[in-house]
Every structure is written in C-alpha cells, then in structure tokens.
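Read through the structure below, which is laid out as structure tokens, and then see the notes.
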Amino acid sequence: MAKIRIDKQRCKGCYLCVVNCPNNLIKIAKDLNSKGVKSVYFSGGKCTGCAMCALVCPECIIEVYR
Amino acid sequence: MSNIIRTKNAKDKIRKNSVLRPESAPSAQALKSDTQPAVVFCRPASLRDIETHYCAGCGHGIIHRLICEVIDELNIREKTIAVAPVGCAVIAYDYWDFDVSEAAHGRTPAVATGIKRVRPDNIVFTYQGDGDLAAIGTAEIVHAANRGENITVIFVNNGVYGMTGGQMAPTTLAGQKTATTLQGRSLRREGYPLKVLEMLAVLPGTKYLERVAVNSAQEVMRARRAIRKAFVTQMQGKGFSMVEVLSMCPTYWGMTPIQAAERIKNDVATFYPLGLVKG
Amino acid sequence: MSKKEILMCGNEACGEGAILAGCRFYAGYPITPQNELTAYMARRMNETGGVFIQAESEIAAINMVFGAAVAGARAMTSSSSPGVSLKQEGISYLAACELPCVIVNIQRGGPGLGNIAPAQGDYFQAVKGGGHGDYKMIVLAPNSVQELLEHTFLAFDLADKYRNPAFILGDGLLGQMMEPLQIPSRLESKTYDKRWALTGCSGRKPNIIRSLLLSEGALEEHNKRLQAKFSAIKEAEVRYEALNVKDSDLILVAYGSVARMARAAMSEARAKGMKVGLIRPITLWPFPEKILKETCARAKKFLVVEMSAGQMVEDVKLAVGDKAEVNFLGRMGGGIPSEEEILQHIEAII
C-alpha cells in the first residue's frame with residue numbers, strides 16, 4: 001500500500017498537490033500550521049504512490065512510499 | 001519515474017535527516033510496523049533540507065529541486081559549479097549543496113564562461129531569471145551562446161520582476177498588468193515579449209534548447225527530462241545548452257497558485273510554445 | 001649574462017609581466033591606446049596554453065575575469081579609460097567577494113570618449129573606488145616599460161596575497177613607447193593557498209562566493225573585515241621613489257610618465273642651483289603619506305604635476321596639511337607637461 005508523508009509545518013498552502021492528486025486524496029486542513037497557513041494533509045485511501053503531489057510541491061516536503 | 005526511486009539505504013537516510021513532525025506523518029510507529037515500504041520520492045541529497053524564502057506556489061522551489069535531482073542522478077554534485085543570478089533566486093546557494101558563485105545582475109553567463117574555461121572538467125551551469133537573462137544580461141547570454149560555451153543555462157521565465165516588486169519584464173505578455181504597466185503591457189509602448197530561445201536558435205553555437213513548464217506534474221516530469229538532457233549535452237562536450245522554464249509568480253500575477261498554474265497552460269504557453277526548440 | 005635585453009612597447013611588457021606571473025586567463029575588448037596588450041595576450045596565451053577571450057564588452061570581460069578568479073586562476077583584463085568605466089561594477093563585486101585579479105588601465109584623454117592621447121584623469125576612479133561601496137584596490141603606477149613588466153608581475157602577487165583586485169594605472173605614453181627591456185631570467189612567483197576557490201566540492205564542504213549579506217549586521221561585519229585588510233595593506237605595501245628629499249626646499253610630486261619629465265626638470269633645476277627633490281608615488285593606493293609628512297619638516301613648498309585637472313594633488317594636500325604650501329601644475333585632454341614648463345613653475349614658486 002502506497003502512502004505519502006507531508007511536513008505540514010513547512011506547507012505554505014499553495015495547494016498544487018491538492019489539484020494534482022489523481023485520486024483527490026490530499027485535503028486542506030481546517031486548522032492553521034505554525035505559519036498561519038491551512039496546510040494540506042493526506043486523507044488516506046487509495047494512494048498509488050504516483051508522486052504527482054511531490055512533483056509539483058515547491059517546498060519539497062512530500063515524501064512518497066510504495 | 002524510475003530515476004526517482006530510492007533504495008532502502010536512501011530511506012534510512014531520510015528517516016535520520018528529515019525533520020518530519022509527528023502530526024505530518026502517519027507516525028513513526030505505523031511506519032515501522034509496515035513491510036518496509038520503498039521510498040519512491042524524497043528530497044534529493046543536493047537540495048539542503050531548509051525552508052526556502054519563496055512565496056507560496058512559486059516555481060523556483062520546483063526548479064531548484066529538479067536541478068538537484070538531475071545532479072544527483074548523474075552523480076556530478078562534486079564536479080558542479082553553479083552561478084546564481086540577481087533576482088528572487090539570488091540566494092540559491094543557500095539551498096544547493098554544491099559550489100555556487102554569485103554574479104552581478106545579468107553577467108551570469110560571462111562569469112560561467114570564466115569558470116568553465118579555467119576548469120573545463122567541471123560542470124558549470126547558470127540559473128537566471130527573465131530580468132537577469134533577457135534584459136540586463138542580453139549581451140552576455142547571446143555571446144556566451146554564440147561562442148558555443150560548453151555550459152548549461154536554466155532560464156526561469158515568469159514574466160515579471162519578482163524581487164523588486166513585480167515590474168514588467170522583457171517576457172511580460174501583452175496586456176499583462178505589472179507595477180510598471182498599470183494598464184497592461186502595450187505592444188506599441190513597451191514592445192513585444194522576447195522569445196529568447198527562438199532568438200538563440202539561429203546561432204550555430206547553441207546545441208540544445210528546450211522550453212518546458214512546471215505548472216503540473218506532467219510538465220514537471222518533462223522539465224526534469226529537459227534539464228537532464230541539457231546537463232548531458234554539456235557532459236558530452238557538445239556545447240551550449242539551455243532550458244527555459246515557464247514558471248509561476250502567483251504574488252505578482254495577482255492570483256492563487258492554482259490560478260497561476262492554469263494561466264501558464266492557457267496564456268503563457270500559448271505565446272511561448274513548449275517543447276524542443278533545437279537539439 | 002643572466003638577463004636578456006629586448007626592445008618592447010609598454011603594453012607588451014605589461015602582458016609579459018602577467019605571463020611571467022603565471023597569468024593564464026585574459027579577457028579584454030579592443031580600445032586604444034592599449035590594443036598591443038590585448039593582441040600580445042592573444043598570442044602569448046596561445047603559446048602558453050592559457051585562455052584568451054575577446055569579450056563582447058568590457059563588462060563581460062571583467063565578469064569573465066571574475067569567473068576565472070572564482071575558479072582560482074590568475075586572471076587579468078586591461079582597457080583604457082572609457083572601457084575601465086564600464087568595468088567598475090565588476091571591480092566592486094571582485095573587491096566585495098575578495099577575488100584576486102589584475103586590471104590594467106592605459107589611460108587616455110577624457111571625459112567621455114575624449115581622445116587617445118595620454119592622460120591621468122582616472123586617478124580618482126582608481127584610487128578612491130570608481131564602483132559602489134567601500135572598497136580599495138592596490139594601485140601601482142609604473143613609469144617605464146621595465147616597470148610595466150615588473151609592476152604587473154608584482155600586482156598578481158599582491159592580489160593573491162591579500163585576496164583583492166590589484167590595478168595598474170598606466171597611460172598611453174607608457175603603453176605605446178618602446179624602451180629596452182630586461183626580462184628577468186628568474187622571477188619567483190609565490191603560490192598562495194586558494195582553498196576558497198570553486199573547484200567542485202569533492203572531498204570538502206561546498207564553497208560559496210558571494211557579496212550579498214542580508215542577515216542583521218553581517219554586511220557591517222564583512223565591511224569591518226575588509227577595512228582591517230585594507231589597513232594591513234596600508235601598513236605593508238606603500239611604495240615610492242624619493243630623490244633629494246633631505247636637502248630640498250621644493251619637492252616635486254608626480255607619478256607615472258609625468259614623473260619622468262619631473263625628474264628631468266629636477267635635475268635641470270639642481271644644475272641651476274635650486275634645491276629641488278622628487279617624490280614619485282609607486283603605489284597610488286596605499287598612498288605614500290608618511291614620506292610626504294616627513295619631507296615637509298624641511299621642504300616648505302611642493303609642486304604636484306599631473307596630466308589631470310588636479311586629482312593626486314588632493315592626497316598630497318591631505319598628507320602635508322598646513323605644514324607646507326602645495327602648488328599644482330596640470331595639463332588635460334592629452335596635454336603633456338614638458339620639462340621646461342615644469343622648470344618655469346619651479347622657478348616661479350621657489
């Protein structure tokens with residue numbers, strides 16, 4: 001089973017990962033991180049480990065495991 | 001994608017070095033109990049594990065990473081000498097874990113020429129924005145290209161001066177509003193957006209020229225292949241290679257990052273066509 | 001004979017000094033009256049396996065030298081007044097990044113495009129810092145073809161020693177004239193540790209060459225360090241020639257080619273019974289203030305002769321203060337003060 005890890009505190013909230021995930025598995029959190037940004041989180045589910053999210057992340061804070 | 005698949009050792013390294021916080025990961029416990037999942041994507045070793053100063057959704061972070069991925073893959077980190085520009089990427093040396101020199105605004109290809117001629121066995125690349133390369137440094141880029149300098153140029157085109165507050169760049173599209181074109185760029189008043197790659201393509205000294213973008217995962221993969229090809233062109237001693245990367249500047253485009261990525265597809269890439277220009 | 005003597009023009013001698021110093025990178029752009037130097041370097045770099053680049057501009061040339069210096073090479077560029085103006089941006093960066101290199105200015109008449117006759121109107125630019133920010137270059141002022149060779153050789157050594165740009169301030173007269181030149185058979189060129197150079201980070205941590213220092217106080221600290229270096233240079237590297245300064249009532253002060261006319265005028269004046277001496281600054285920065293101060297214990301009159309509207313004279317006045325009277329004779333725009341002209345001034349003042 002594939003999965004991703006997001007360094008939530010370093011997320012600047014561009015949400016490019018959200019729109020690039022083919023299975024819509026990345027969601028925007030309701031609470032703010034230490035930057036005052038609504039960061040993203042991995043909602044779980046059918047992650048294929050395609051790494052589309054990581055490819056577009058300008059902060060390089062998404063790691064993908066498969 | 002095989003080029004970003006890491007071994008188990010790489011995964012161990014990540015565990016040791018990354019600053020993964022508990023709330024951002026399923027938890028270390030959960031990971032341990034797994035049947036050793038392989039890391040298919042992580043920060044390249046040449047990209048320092050620190051936060052960048054770039055705005056949310058800025059393309060520089062992606063492009064910095066792609067360069068580092070290619071350098072790691074080609075195993076040239078210890079041979080690489082980069083020349084950073086003046087502009088938003090001025091402190092790129094804080095993010096890259098290899099030798100980097102600064103250069104005066106636009107003089108980047110002249111500095112790279114000096115380095116490469118003295119040390120032809122090193123891999124020398126410049127990283128330049130559109131103000132640096134297409135305005136103040138026009139003479140330097142044209143003549144480095146025309147001499148066929150065996151260097152690689154990564155040209156980031158986001159159509160605006162970011163560092164100084166969003167003024168018009170030579171690459172700003174017609175009608176685009178900036179701090180110095182309040183009603184939008186007028187072709188009659190400010191002239192036409194500059195297509196640098198097409199201009200350089202007529203020079204025999206240029207060996208590989210390609211335009212890519214970083215607005216989607218697919219385009220990022222293409223961008224990575226192009227950057228790799230540019231470095232390989234240099235390693236093979238073929239001569240001048242350059243990749244123009246269409247990049248987002250959500251802040252000075254007055255858009256959300258997602259809108260900015262859309263704009264590249266709908267507006268920017270229609271004026272600056274993606275793909276191989278020469279090579 | 002351990003020394004061979006040949007006839008060479010000043011521009012070529014300057015180039016040979018660089019080659020002897022191990023300079024293997026030259027970038028330049030054509031401009032009169034220094035063209036023989038560029039042509040000479042094109043030939044000699046080819047013979048010695050060095051790099052010669054005819055750049056697209058003076059700006060590119062100085063930045064290519066910046067790159068070569070970054071990579072640890074001994075590098076040089078040369079030009080004449082208008083071209084050196086274009087190099088000022090690069091010089092400021094070189095000084096800020098503490099990169100050693102040698103820059104040659106074979107001065108011509110100015111301002112603007114001026115003419116191609118000899119002049120000394122770029123003294124302020126060279127000595128006071130023509131580019132932005134607080135920096136200094138070591139400025140050497142040769143006055144013969146022989147010295148053009150020797151000073152250029154020395155400039156590379158000083159540049160490496162202090163990690164700072166060094167500058168040769170010549171003029172069209174020196175560059176163009178031919179004199180017998182002794183090429184020293186053995187010139188020992190020291191090698192300096194350049195661990196700071198960019199060579200690829202094999203077996204070490206990455207090196208960074210930068211002048212942008214944004215964190216709180218960092219730039220002031222960097223400036224303080226630079227100033228401390230400049231103080232050390234001031235202590236150790238002052239060079240000058242002093243003739244008849246002990247018994248003279250009037251001291252001529254002149255540098256470069258003008259010092260030759262001043263010297264002849266001094267001899268003539270002494271033959272006529274006037275007690276005249278000469279101080280010839282060899283380093284224009286650091287300026288030989290001390291000898292000037294010491295000299296005015298006896299000499300109460302100075303005559304500064306320049307091919308300018310009066311530039312070095314300001315430094316002489318600063319050194320002498322109110323201890324002596326400082327007079328000035330200057331010619332501009334290619335005018336050269338003659339021996340007779342200087343002598344007339346001496347007679348009028350003394």
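Scheme for the structure tokens: letters A, B, ... for chains in order shown; per-chain residue numbers from 1; ligand numbers from 1 in order shown.
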Got a sec: who's within 8 Å of Leu173 (chain B), counting only C-alpha atoms, leaving out chain neighbours fewer than 6 positions off, as a list in words?
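In the requested format, the answer is Gly159, Arg185, Tyr192, Pro193, Val268 and Phe271 of chain B.
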Create the file for the chosen residues now, containing N, CA and C atoms and written as a short mmCIF file (atom, residue, chain, number, x, y, z; two decimals), in the first residue's frame.
data_model
loop_
_atom_site.label_atom_id
_atom_site.label_comp_id
_atom_site.auth_asym_id
_atom_site.auth_seq_id
_atom_site.Cartn_x
_atom_site.Cartn_y
_atom_site.Cartn_z
N GLY B 159 7.83 36.03 -16.37
CA GLY B 159 7.21 37.22 -16.96
C GLY B 159 7.12 38.43 -16.08
N ARG B 185 0.64 45.61 -20.44
CA ARG B 185 1.74 45.89 -21.37
C ARG B 185 1.17 46.26 -22.75
N TYR B 192 7.48 44.10 -27.75
CA TYR B 192 6.95 42.74 -27.73
C TYR B 192 7.68 41.87 -26.70
N PRO B 193 6.96 40.90 -26.16
CA PRO B 193 7.63 39.93 -25.27
C PRO B 193 8.73 39.21 -26.04
N VAL B 268 0.35 31.65 -21.02
CA VAL B 268 1.80 31.79 -21.20
C VAL B 268 2.33 30.81 -22.24
N PHE B 271 1.75 31.59 -25.90
CA PHE B 271 2.67 32.54 -26.53
C PHE B 271 4.08 31.95 -26.62
#
Could you pull out the residues in region 29-81 of chain C that DSSP calls strand (DSSP E) from the backbone, as a PyMOL selection string?
chain C and resi 51-54+75-79
Using only C-alpha atoms, I'd like every residue of chain C that has an atom within 10 Å of chain B; please write them out as an MDAnalysis selection string.
chainID C and resid 24:27 50:53 55:57 59:75 89:90 92:94 97 197:214
Restrict the distance test to only C-alpha atoms, flag each residue of chain B within 8 Å of chain A, and return the flagged residues as a PyMOL selection string.
chain B and resi 19-21+23-26+37-43+51-52+55-62+65+214-218+220-221+256-258
For N, CA, C and O atoms, I'd like the residues from the last selection saved as a tab-separated table (two decimals), in the first residue's frame.
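To be explicit, this is the file written out as result23.tsv:
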chain	number	residue	atom	x	y	z
B	19	VAL	N	13.21	16.48	8.91
B	19	VAL	CA	12.52	16.99	10.10
B	19	VAL	C	11.04	16.67	9.94
B	19	VAL	O	10.23	17.54	9.70
B	20	LEU	N	10.73	15.43	10.01
B	20	LEU	CA	9.32	15.04	9.93
B	20	LEU	C	8.70	15.19	11.30
B	20	LEU	O	9.19	14.65	12.27
B	21	ARG	N	7.66	15.93	11.34
B	21	ARG	CA	6.99	16.13	12.63
B	21	ARG	C	5.87	15.11	12.78
B	21	ARG	O	5.27	14.71	11.78
B	23	GLU	N	2.78	15.17	13.58
B	23	GLU	CA	1.44	15.40	13.03
B	23	GLU	C	1.39	15.32	11.51
B	23	GLU	O	0.33	15.20	10.93
B	24	SER	N	2.56	15.39	10.89
B	24	SER	CA	2.56	15.38	9.43
B	24	SER	C	2.67	13.97	8.87
B	24	SER	O	2.50	13.75	7.69
B	25	ALA	N	2.96	13.03	9.70
B	25	ALA	CA	3.16	11.67	9.21
B	25	ALA	C	2.20	10.72	9.92
B	25	ALA	O	1.70	11.03	10.99
B	26	PRO	N	1.99	9.58	9.33
B	26	PRO	CA	1.09	8.62	9.98
B	26	PRO	C	1.58	8.24	11.37
B	26	PRO	O	0.82	7.72	12.16
B	37	PRO	N	8.13	-0.21	3.34
B	37	PRO	CA	7.77	0.41	2.05
B	37	PRO	C	8.98	1.11	1.44
B	37	PRO	O	9.79	1.68	2.16
B	38	ALA	N	9.10	1.05	0.12
B	38	ALA	CA	10.21	1.71	-0.57
B	38	ALA	C	9.89	3.18	-0.74
B	38	ALA	O	8.75	3.55	-0.98
B	39	VAL	N	10.92	3.98	-0.60
B	39	VAL	CA	10.74	5.41	-0.82
B	39	VAL	C	10.76	5.64	-2.33
B	39	VAL	O	11.72	5.29	-3.00
B	40	VAL	N	9.69	6.18	-2.85
B	40	VAL	CA	9.68	6.45	-4.29
B	40	VAL	C	9.93	7.92	-4.60
B	40	VAL	O	10.23	8.29	-5.71
B	41	PHE	N	9.80	8.75	-3.57
B	41	PHE	CA	10.11	10.16	-3.79
B	41	PHE	C	10.55	10.80	-2.49
B	41	PHE	O	9.88	10.68	-1.47
B	42	CYS	N	11.68	11.46	-2.51
B	42	CYS	CA	12.11	12.22	-1.36
B	42	CYS	C	13.01	13.35	-1.82
B	42	CYS	O	13.34	13.46	-3.01
B	43	ARG	N	13.39	14.18	-0.88
B	43	ARG	CA	14.26	15.33	-1.19
B	43	ARG	C	15.59	14.85	-1.74
B	43	ARG	O	16.24	13.98	-1.15
B	51	GLU	N	14.01	25.49	4.75
B	51	GLU	CA	12.86	26.15	4.14
B	51	GLU	C	13.33	27.25	3.20
B	51	GLU	O	14.28	27.96	3.51
B	52	THR	N	12.65	27.40	2.07
B	52	THR	CA	13.03	28.47	1.14
B	52	THR	C	12.32	29.77	1.50
B	52	THR	O	11.36	29.76	2.25
B	55	CYS	N	7.68	32.61	-2.19
B	55	CYS	CA	6.26	32.73	-1.89
B	55	CYS	C	5.56	31.38	-2.16
B	55	CYS	O	6.09	30.54	-2.89
B	56	ALA	N	4.38	31.22	-1.61
B	56	ALA	CA	3.60	30.00	-1.86
B	56	ALA	C	3.31	29.86	-3.35
B	56	ALA	O	2.89	30.81	-3.99
B	57	GLY	N	3.59	28.69	-3.88
B	57	GLY	CA	3.26	28.42	-5.28
B	57	GLY	C	4.27	28.93	-6.28
B	57	GLY	O	4.07	28.81	-7.50
B	58	CYS	N	5.36	29.50	-5.80
B	58	CYS	CA	6.43	29.97	-6.70
B	58	CYS	C	7.12	28.76	-7.32
B	58	CYS	O	7.37	27.76	-6.65
B	59	GLY	N	7.46	28.86	-8.60
B	59	GLY	CA	8.07	27.72	-9.29
B	59	GLY	C	9.53	27.50	-8.99
B	59	GLY	O	10.07	26.42	-9.28
B	60	HIS	N	10.20	28.48	-8.40
B	60	HIS	CA	11.64	28.34	-8.15
B	60	HIS	C	11.96	27.08	-7.34
B	60	HIS	O	12.94	26.39	-7.62
B	61	GLY	N	11.12	26.80	-6.33
B	61	GLY	CA	11.37	25.64	-5.47
B	61	GLY	C	11.39	24.35	-6.27
B	61	GLY	O	12.23	23.48	-6.06
B	62	ILE	N	10.44	24.23	-7.19
B	62	ILE	CA	10.36	23.02	-8.03
B	62	ILE	C	11.61	22.93	-8.92
B	62	ILE	O	12.23	21.88	-9.04
B	65	ARG	N	14.73	21.98	-7.15
B	65	ARG	CA	14.72	20.55	-6.83
B	65	ARG	C	15.05	19.71	-8.06
B	65	ARG	O	15.84	18.76	-7.98
B	214	VAL	N	6.47	24.22	-15.32
B	214	VAL	CA	6.36	23.48	-14.06
B	214	VAL	C	4.97	23.66	-13.43
B	214	VAL	O	4.82	23.63	-12.22
B	215	ASN	N	3.96	23.81	-14.28
B	215	ASN	CA	2.62	24.09	-13.77
B	215	ASN	C	1.81	22.84	-13.45
B	215	ASN	O	0.74	22.93	-12.88
B	216	SER	N	2.29	21.66	-13.84
B	216	SER	CA	1.56	20.42	-13.49
B	216	SER	C	2.58	19.29	-13.37
B	216	SER	O	3.73	19.42	-13.80
B	217	ALA	N	2.12	18.18	-12.78
B	217	ALA	CA	3.02	17.05	-12.59
B	217	ALA	C	3.59	16.55	-13.91
B	217	ALA	O	4.78	16.23	-14.00
B	218	GLN	N	2.75	16.51	-14.94
B	218	GLN	CA	3.22	16.05	-16.26
B	218	GLN	C	4.32	16.97	-16.79
B	218	GLN	O	5.35	16.51	-17.28
B	220	VAL	N	6.20	18.97	-15.08
B	220	VAL	CA	7.39	18.87	-14.22
B	220	VAL	C	8.26	17.69	-14.65
B	220	VAL	O	9.49	17.79	-14.71
B	221	MET	N	7.60	16.59	-15.01
B	221	MET	CA	8.38	15.42	-15.46
B	221	MET	C	9.11	15.73	-16.77
B	221	MET	O	10.27	15.35	-16.95
B	256	THR	N	-4.09	33.11	-7.21
B	256	THR	CA	-3.75	31.99	-6.34
B	256	THR	C	-2.77	31.11	-7.11
B	256	THR	O	-2.72	31.16	-8.35
B	257	PRO	N	-2.00	30.30	-6.40
B	257	PRO	CA	-1.06	29.41	-7.10
B	257	PRO	C	-1.76	28.51	-8.12
B	257	PRO	O	-1.21	28.25	-9.19
B	258	ILE	N	-2.94	28.05	-7.81
B	258	ILE	CA	-3.66	27.16	-8.74
B	258	ILE	C	-4.06	27.94	-10.00
B	258	ILE	O	-3.89	27.46	-11.12
I'd like the contact shell of Val202 (chain B) - 12 Å cut-off, only C-alpha atoms, skipping same-chain residues fewer than 6 positions apart - returned as a list in words.
Val142, Ala145, Asn146, Val196, Tyr208, Leu209, Val277, Lys278 and Gly279 of chain B
Residues from last step as file, C-alpha atoms, as a PDB file, in the first residue's frame:
ATOM      1  CA  VAL B 142      23.783  35.998 -26.689  1.00  0.00           C
ATOM      2  CA  ALA B 145      25.611  31.132 -26.710  1.00  0.00           C
ATOM      3  CA  ASN B 146      27.284  32.341 -29.884  1.00  0.00           C
ATOM      4  CA  VAL B 196      14.902  34.224 -26.183  1.00  0.00           C
ATOM      5  CA  TYR B 208      20.244  22.070 -27.149  1.00  0.00           C
ATOM      6  CA  LEU B 209      17.365  24.452 -26.473  1.00  0.00           C
ATOM      7  CA  VAL B 277      13.352  24.404 -29.958  1.00  0.00           C
ATOM      8  CA  LYS B 278      16.683  22.995 -31.080  1.00  0.00           C
ATOM      9  CA  GLY B 279      18.759  19.903 -30.440  1.00  0.00           C
TER      10      GLY B 279
END
In chain A, DSSP helix (DSSP H, G or I) residues written as an MDAnalysis selection string
chainID A and resid 8:10 16:20 52:56
Residues from the last selection, N, CA and C atoms, saved as a compact mmCIF listing (two decimals), in the first residue's frame:
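Output (result.txt):
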# COMPACT_ATOMS: atom_id res chain seq x y z
N LYS A 8 3.90 19.05 7.43
CA LYS A 8 2.79 20.00 7.50
C LYS A 8 3.22 21.41 7.91
N GLN A 9 4.19 21.47 8.82
CA GLN A 9 4.60 22.79 9.34
C GLN A 9 5.30 23.64 8.28
N ARG A 10 5.85 22.97 7.28
CA ARG A 10 6.55 23.73 6.23
C ARG A 10 5.66 24.00 5.02
N LEU A 16 -1.06 23.08 -4.84
CA LEU A 16 -0.81 22.46 -6.15
C LEU A 16 -0.91 20.94 -6.04
N CYS A 17 -0.53 20.40 -4.87
CA CYS A 17 -0.61 18.96 -4.67
C CYS A 17 -2.07 18.50 -4.68
N VAL A 18 -2.92 19.36 -4.10
CA VAL A 18 -4.34 19.00 -4.00
C VAL A 18 -4.93 18.79 -5.39
N VAL A 19 -4.63 19.72 -6.30
CA VAL A 19 -5.23 19.61 -7.63
C VAL A 19 -4.50 18.61 -8.53
N ASN A 20 -3.29 18.21 -8.14
CA ASN A 20 -2.55 17.27 -8.97
C ASN A 20 -2.73 15.81 -8.55
N MET A 52 2.66 12.40 -8.04
CA MET A 52 2.26 13.64 -8.71
C MET A 52 2.30 14.82 -7.73
N CYS A 53 1.84 14.57 -6.52
CA CYS A 53 1.81 15.61 -5.48
C CYS A 53 3.21 16.12 -5.19
N ALA A 54 4.13 15.16 -5.03
CA ALA A 54 5.51 15.53 -4.68
C ALA A 54 6.19 16.27 -5.83
N LEU A 55 5.86 15.87 -7.05
CA LEU A 55 6.47 16.51 -8.22
C LEU A 55 6.16 18.00 -8.28
N VAL A 56 4.96 18.38 -7.90
CA VAL A 56 4.58 19.79 -8.02
C VAL A 56 4.78 20.58 -6.73
Who sits within 12 Å of Lys238 (chain B), only C-alpha atoms, same chain under 2 positions skipped, as an MDAnalysis selection string
chainID B and resid 148:152 204:208 229:236 240:241 279
Can you tell me which residues surround Leu197 (chain B) at a distance of at most 8 Å, considering only C-alpha atoms, apart from same-chain residues fewer than 3 positions away, and format the answer as a VMD selection string?
chain B and resid 200 to 201 209 to 211 244 277
Quick one: write out the picked residues with C-alpha atoms as a PDB file, in the first residue's frame?
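The resulting result.pdb:
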ATOM      1  CA  LEU B 200      19.273  31.896 -29.811  1.00  0.00           C
ATOM      2  CA  ALA B 201      18.216  29.002 -32.023  1.00  0.00           C
ATOM      3  CA  LEU B 209      17.365  24.452 -26.473  1.00  0.00           C
ATOM      4  CA  GLU B 210      14.062  23.391 -24.963  1.00  0.00           C
ATOM      5  CA  ARG B 211      11.131  25.153 -23.338  1.00  0.00           C
ATOM      6  CA  GLU B 244      13.648  27.831 -20.500  1.00  0.00           C
ATOM      7  CA  VAL B 277      13.352  24.404 -29.958  1.00  0.00           C
TER       8      VAL B 277
END
